[in-house]
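Coordinates as given in my_file_27.cif (mmCIF, N, CA, C and O atoms):
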```cif
data_query
loop_
_atom_site.label_atom_id
_atom_site.label_comp_id
_atom_site.auth_asym_id
_atom_site.auth_seq_id
_atom_site.Cartn_x
_atom_site.Cartn_y
_atom_site.Cartn_z
N MET A 1 -13.86 15.97 8.12
CA MET A 1 -12.66 15.26 8.43
C MET A 1 -11.95 14.78 7.16
O MET A 1 -10.74 14.88 7.05
N MET A 2 -12.73 14.29 6.20
CA MET A 2 -12.15 13.81 4.95
C MET A 2 -11.55 14.98 4.16
O MET A 2 -10.50 14.83 3.55
N LYS A 3 -12.21 16.11 4.20
CA LYS A 3 -11.71 17.29 3.49
C LYS A 3 -10.37 17.74 4.06
O LYS A 3 -9.46 18.09 3.32
N LYS A 4 -10.24 17.67 5.40
CA LYS A 4 -8.99 18.06 6.04
C LYS A 4 -7.87 17.09 5.69
O LYS A 4 -6.74 17.50 5.42
N ALA A 5 -8.17 15.80 5.64
CA ALA A 5 -7.16 14.80 5.29
C ALA A 5 -6.69 15.00 3.85
O ALA A 5 -5.49 14.91 3.56
N LEU A 6 -7.60 15.26 2.94
CA LEU A 6 -7.23 15.50 1.55
C LEU A 6 -6.41 16.77 1.39
O LEU A 6 -5.48 16.82 0.59
N ARG A 7 -6.75 17.79 2.15
CA ARG A 7 -5.99 19.04 2.10
C ARG A 7 -4.57 18.83 2.61
O ARG A 7 -3.60 19.33 2.03
N ASN A 8 -4.43 18.04 3.68
CA ASN A 8 -3.10 17.76 4.22
C ASN A 8 -2.28 16.91 3.25
O ASN A 8 -1.08 17.10 3.13
N MET A 9 -2.93 15.98 2.57
CA MET A 9 -2.22 15.14 1.60
C MET A 9 -1.73 15.97 0.41
O MET A 9 -0.68 15.69 -0.15
N SER A 10 -2.48 16.97 0.03
CA SER A 10 -2.10 17.77 -1.14
C SER A 10 -0.93 18.71 -0.85
O SER A 10 -0.31 19.21 -1.78
N THR A 11 -0.64 18.93 0.42
CA THR A 11 0.47 19.82 0.77
C THR A 11 1.69 19.07 1.29
O THR A 11 2.57 19.67 1.89
N MET A 12 1.75 17.77 1.05
CA MET A 12 2.90 16.97 1.52
C MET A 12 4.14 17.33 0.71
O MET A 12 4.06 17.74 -0.44
N CYS A 13 5.31 17.13 1.33
CA CYS A 13 6.55 17.34 0.59
C CYS A 13 6.71 16.20 -0.43
O CYS A 13 6.06 15.16 -0.33
N ASP A 14 7.57 16.40 -1.41
CA ASP A 14 7.71 15.45 -2.51
C ASP A 14 8.17 14.07 -2.04
O ASP A 14 7.69 13.05 -2.55
N GLU A 15 9.08 14.01 -1.09
CA GLU A 15 9.60 12.73 -0.62
C GLU A 15 8.51 11.92 0.08
O GLU A 15 8.38 10.70 -0.15
N ALA A 16 7.72 12.57 0.93
CA ALA A 16 6.65 11.88 1.63
C ALA A 16 5.58 11.40 0.64
O ALA A 16 5.05 10.30 0.77
N TRP A 17 5.28 12.22 -0.35
CA TRP A 17 4.30 11.84 -1.38
C TRP A 17 4.81 10.65 -2.19
O TRP A 17 4.05 9.74 -2.50
N TYR A 18 6.11 10.63 -2.51
CA TYR A 18 6.69 9.53 -3.26
C TYR A 18 6.61 8.22 -2.47
O TYR A 18 6.28 7.17 -3.03
N ILE A 19 6.88 8.27 -1.18
CA ILE A 19 6.80 7.08 -0.33
C ILE A 19 5.37 6.56 -0.30
O ILE A 19 5.12 5.37 -0.48
N LEU A 20 4.43 7.44 -0.11
CA LEU A 20 3.03 7.04 -0.02
C LEU A 20 2.51 6.47 -1.34
O LEU A 20 1.90 5.40 -1.36
N MET A 21 2.79 7.13 -2.44
CA MET A 21 2.30 6.65 -3.73
C MET A 21 3.01 5.37 -4.18
O MET A 21 2.39 4.48 -4.75
N GLY A 22 4.30 5.27 -3.90
CA GLY A 22 5.03 4.05 -4.25
C GLY A 22 4.50 2.84 -3.50
O GLY A 22 4.34 1.76 -4.07
N THR A 23 4.22 3.03 -2.22
CA THR A 23 3.68 1.93 -1.42
C THR A 23 2.27 1.58 -1.85
O THR A 23 1.89 0.41 -1.87
N LEU A 24 1.49 2.58 -2.23
CA LEU A 24 0.14 2.31 -2.71
C LEU A 24 0.17 1.51 -4.01
O LEU A 24 -0.61 0.56 -4.19
N LYS A 25 1.08 1.84 -4.90
CA LYS A 25 1.22 1.09 -6.15
C LYS A 25 1.67 -0.35 -5.89
O LYS A 25 1.15 -1.29 -6.49
N LEU A 26 2.63 -0.52 -4.98
CA LEU A 26 3.10 -1.85 -4.62
C LEU A 26 1.98 -2.68 -4.00
O LEU A 26 1.81 -3.86 -4.31
N SER A 27 1.18 -2.05 -3.15
CA SER A 27 0.07 -2.75 -2.52
C SER A 27 -0.97 -3.20 -3.55
O SER A 27 -1.48 -4.32 -3.47
N CYS A 28 -1.26 -2.34 -4.50
CA CYS A 28 -2.22 -2.71 -5.55
C CYS A 28 -1.69 -3.87 -6.40
O CYS A 28 -2.45 -4.78 -6.76
N ALA A 29 -0.41 -3.85 -6.69
CA ALA A 29 0.19 -4.94 -7.47
C ALA A 29 0.14 -6.25 -6.69
O ALA A 29 -0.15 -7.32 -7.26
N MET A 30 0.41 -6.20 -5.39
CA MET A 30 0.35 -7.41 -4.58
C MET A 30 -1.06 -7.96 -4.50
O MET A 30 -1.27 -9.19 -4.56
N LEU A 31 -2.04 -7.10 -4.37
CA LEU A 31 -3.43 -7.55 -4.32
C LEU A 31 -3.88 -8.13 -5.65
O LEU A 31 -4.62 -9.12 -5.69
N LEU A 32 -3.41 -7.56 -6.75
CA LEU A 32 -3.73 -8.11 -8.06
C LEU A 32 -3.11 -9.50 -8.23
O LEU A 32 -3.77 -10.42 -8.72
N CYS A 33 -1.88 -9.67 -7.79
CA CYS A 33 -1.23 -10.99 -7.86
C CYS A 33 -1.98 -12.00 -7.00
O CYS A 33 -2.14 -13.17 -7.40
N ALA A 34 -2.43 -11.61 -5.83
CA ALA A 34 -3.19 -12.51 -4.97
C ALA A 34 -4.49 -12.93 -5.65
O ALA A 34 -4.87 -14.11 -5.63
N TYR A 35 -5.16 -11.99 -6.27
CA TYR A 35 -6.40 -12.29 -6.97
C TYR A 35 -6.15 -13.25 -8.14
O TYR A 35 -6.89 -14.22 -8.33
N LEU A 36 -5.10 -12.99 -8.91
CA LEU A 36 -4.79 -13.85 -10.05
C LEU A 36 -4.42 -15.26 -9.60
O LEU A 36 -4.76 -16.25 -10.27
N LEU A 37 -3.73 -15.38 -8.47
CA LEU A 37 -3.41 -16.70 -7.95
C LEU A 37 -4.67 -17.47 -7.55
O LEU A 37 -4.76 -18.68 -7.73
N LEU A 38 -5.64 -16.76 -7.00
CA LEU A 38 -6.86 -17.43 -6.54
C LEU A 38 -7.77 -17.86 -7.68
O LEU A 38 -8.52 -18.83 -7.54
N ILE A 39 -7.75 -17.14 -8.80
CA ILE A 39 -8.63 -17.54 -9.92
C ILE A 39 -7.94 -18.49 -10.88
O ILE A 39 -8.54 -18.91 -11.86
N TRP A 40 -6.69 -18.83 -10.62
CA TRP A 40 -5.96 -19.77 -11.46
C TRP A 40 -6.65 -21.13 -11.41
O TRP A 40 -7.05 -21.58 -10.35
N PRO A 41 -6.81 -21.80 -12.53
CA PRO A 41 -7.58 -23.06 -12.55
C PRO A 41 -7.02 -24.16 -11.65
O PRO A 41 -7.78 -24.83 -10.95
N GLN A 42 -5.73 -24.39 -11.66
CA GLN A 42 -5.15 -25.45 -10.83
C GLN A 42 -4.53 -24.84 -9.57
O GLN A 42 -3.33 -24.98 -9.33
N CYS A 43 -5.34 -24.20 -8.78
CA CYS A 43 -4.85 -23.54 -7.57
C CYS A 43 -4.76 -24.55 -6.44
O CYS A 43 -5.77 -25.09 -5.99
N GLY A 44 -3.54 -24.83 -5.97
CA GLY A 44 -3.32 -25.78 -4.88
C GLY A 44 -3.15 -25.08 -3.55
O GLY A 44 -3.33 -23.86 -3.42
N TYR A 45 -2.78 -25.86 -2.56
CA TYR A 45 -2.62 -25.33 -1.20
C TYR A 45 -1.52 -24.27 -1.13
O TYR A 45 -1.69 -23.23 -0.48
N ASP A 46 -0.42 -24.51 -1.81
CA ASP A 46 0.69 -23.55 -1.77
C ASP A 46 0.31 -22.22 -2.39
O ASP A 46 0.66 -21.16 -1.88
N GLU A 47 -0.43 -22.28 -3.49
CA GLU A 47 -0.86 -21.04 -4.14
C GLU A 47 -1.86 -20.28 -3.28
O GLU A 47 -1.86 -19.05 -3.23
N ILE A 48 -2.74 -21.01 -2.59
CA ILE A 48 -3.71 -20.36 -1.71
C ILE A 48 -3.00 -19.68 -0.54
O ILE A 48 -3.34 -18.56 -0.16
N MET A 49 -2.00 -20.33 0.02
CA MET A 49 -1.25 -19.74 1.13
C MET A 49 -0.45 -18.51 0.67
O MET A 49 -0.35 -17.51 1.38
N LEU A 50 0.11 -18.59 -0.55
CA LEU A 50 0.83 -17.44 -1.10
C LEU A 50 -0.13 -16.28 -1.35
O LEU A 50 0.18 -15.12 -1.04
N ALA A 51 -1.30 -16.58 -1.89
CA ALA A 51 -2.30 -15.53 -2.13
C ALA A 51 -2.74 -14.90 -0.82
O ALA A 51 -2.94 -13.69 -0.74
N SER A 52 -2.88 -15.71 0.22
CA SER A 52 -3.26 -15.18 1.53
C SER A 52 -2.19 -14.24 2.07
O SER A 52 -2.49 -13.16 2.59
N ALA A 53 -0.93 -14.62 1.93
CA ALA A 53 0.16 -13.76 2.39
C ALA A 53 0.23 -12.48 1.56
O ALA A 53 0.46 -11.39 2.11
N LEU A 54 0.02 -12.60 0.25
CA LEU A 54 0.04 -11.41 -0.61
C LEU A 54 -1.13 -10.48 -0.31
O LEU A 54 -1.03 -9.28 -0.51
N ALA A 55 -2.23 -11.01 0.17
CA ALA A 55 -3.39 -10.17 0.49
C ALA A 55 -3.25 -9.49 1.85
O ALA A 55 -3.83 -8.43 2.08
N GLU A 56 -2.49 -10.10 2.76
CA GLU A 56 -2.35 -9.54 4.11
C GLU A 56 -1.22 -8.52 4.22
O GLU A 56 -1.28 -7.60 5.03
N THR A 57 -0.19 -8.66 3.44
CA THR A 57 1.00 -7.82 3.56
C THR A 57 0.77 -6.34 3.26
O THR A 57 1.35 -5.49 3.94
N PRO A 58 -0.05 -5.97 2.26
CA PRO A 58 -0.21 -4.54 1.97
C PRO A 58 -0.73 -3.70 3.13
O PRO A 58 -0.39 -2.52 3.23
N GLN A 59 -1.48 -4.29 4.04
CA GLN A 59 -1.98 -3.53 5.18
C GLN A 59 -0.82 -3.02 6.04
O GLN A 59 -0.78 -1.85 6.43
N GLY A 60 0.11 -3.90 6.32
CA GLY A 60 1.28 -3.51 7.11
C GLY A 60 2.17 -2.53 6.37
O GLY A 60 2.69 -1.59 6.96
N LEU A 61 2.35 -2.77 5.07
CA LEU A 61 3.17 -1.86 4.27
C LEU A 61 2.58 -0.45 4.24
O LEU A 61 3.31 0.53 4.38
N LEU A 62 1.28 -0.35 4.08
CA LEU A 62 0.63 0.97 4.05
C LEU A 62 0.73 1.66 5.41
O LEU A 62 0.93 2.88 5.47
N LEU A 63 0.60 0.91 6.48
CA LEU A 63 0.74 1.50 7.81
C LEU A 63 2.14 2.06 8.01
O LEU A 63 2.32 3.19 8.48
N ILE A 64 3.15 1.29 7.63
CA ILE A 64 4.54 1.76 7.75
C ILE A 64 4.77 2.97 6.86
O ILE A 64 5.44 3.93 7.26
N ALA A 65 4.22 2.96 5.64
CA ALA A 65 4.40 4.09 4.72
C ALA A 65 3.73 5.36 5.25
O ALA A 65 4.29 6.45 5.14
N ILE A 66 2.57 5.21 5.84
CA ILE A 66 1.87 6.38 6.39
C ILE A 66 2.67 6.96 7.55
O ILE A 66 2.84 8.18 7.66
N LEU A 67 3.18 6.08 8.42
CA LEU A 67 4.00 6.57 9.54
C LEU A 67 5.28 7.22 9.05
O LEU A 67 5.68 8.28 9.54
N ALA A 68 5.94 6.60 8.07
CA ALA A 68 7.17 7.18 7.54
C ALA A 68 6.91 8.52 6.85
O ALA A 68 7.68 9.47 7.03
N SER A 69 5.83 8.62 6.11
CA SER A 69 5.48 9.88 5.45
C SER A 69 5.18 10.96 6.46
O SER A 69 5.60 12.11 6.31
N ALA A 70 4.46 10.60 7.53
CA ALA A 70 4.14 11.58 8.56
C ALA A 70 5.40 12.05 9.27
O ALA A 70 5.56 13.26 9.55
N LEU A 71 6.29 11.12 9.59
CA LEU A 71 7.54 11.52 10.27
C LEU A 71 8.41 12.39 9.35
O LEU A 71 9.00 13.37 9.80
N LEU A 72 8.48 12.02 8.09
CA LEU A 72 9.27 12.80 7.13
C LEU A 72 8.66 14.20 6.94
O LEU A 72 9.38 15.20 6.89
N GLU A 73 7.35 14.25 6.86
CA GLU A 73 6.67 15.53 6.68
C GLU A 73 6.86 16.41 7.92
O GLU A 73 7.08 17.62 7.81
N ASP A 74 6.79 15.80 9.09
CA ASP A 74 6.99 16.56 10.33
C ASP A 74 8.43 17.08 10.42
O ASP A 74 8.65 18.21 10.85
N ARG A 75 9.38 16.28 10.00
CA ARG A 75 10.78 16.69 10.04
C ARG A 75 11.09 17.74 8.98
O ARG A 75 11.91 18.62 9.19
N HIS A 76 10.42 17.63 7.85
CA HIS A 76 10.67 18.55 6.73
C HIS A 76 10.13 19.94 7.05
O HIS A 76 10.70 20.94 6.63
N GLY A 77 9.04 19.96 7.76
CA GLY A 77 8.51 21.27 8.13
C GLY A 77 7.15 21.40 7.67
O GLY A 77 6.28 22.00 7.65
#
```
Written as structure tokens, that's how I'd like the structure from this file.
Amino acid sequence: MMKKALRNMSTMCDEAWYILMGTLKLSCAMLLCAYLLLIWPQCGYDEIMLASALAETPQGLLLIAILASALLEDRHG
């Protein structure tokens, strides 16, 4: 199953690949910011809530990106 998924990813059109990789980079940056907020020495309630939001958002973004890439790939051919 994993081999099939990797094979399908390698044959994506350029636009779908750009959407997927751009969202993956954004998600990694958001998770890094959340981690840095949590290890900050004077981390208060507001920073913890911001870190929580930054850690939860990439899941939704990746889901939307995967759906958009699949729809674009299906439309592209």
Which neighbours of Ala16 of chain A fall inside 8 Å, counting only C-alpha atoms, when residues of the same chain fewer than 3 positions from it are skipped, and could you give them as a VMD selection string?
-> chain A and resid 12 to 13 19 to 20 68 to 70 72 to 73
Compile the contact shell of Cys28 of chain A as a ChimeraX atom specification: residues with an atom at most 12 Å away, counting only C-alpha atoms, same-chain residues fewer than 4 positions apart removed.
-> /A:21-24,32-35,54-59,61-62
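Atom N of Ala51 of chain A to atom CA of Leu37 of chain A spans 6.4 Å [interatomic distance, one decimal].
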Coordinates of box centre and edge lengths for segment 44-57 of chain A, 8 Å on every side, axis-aligned, as JSON:
```
{"center_x": -1.2, "center_y": -15.7, "center_z": -0.5, "size_x": 21.2, "size_y": 36.4, "size_z": 27.0}
```
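Between atom CA of Ile39 of chain A and atom O of Leu26 of chain A there is a distance of 18.1 Å.
Taking atom CA of Met49 of chain A and atom N of Leu63 of chain A as the two end points, the separation is 21.4 Å.
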Which one is closest to Leu50 of chain A: A:Met30, A:Thr11, A:Ile64, A:Arg75? Count all atoms listed in the file.
-> A:Met30
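Using only C-alpha atoms, the smallest distance between any of A:Ile66, A:Leu71, A:Leu38, A:Ala29 and Ser52 of chain A comes from A:Leu38.
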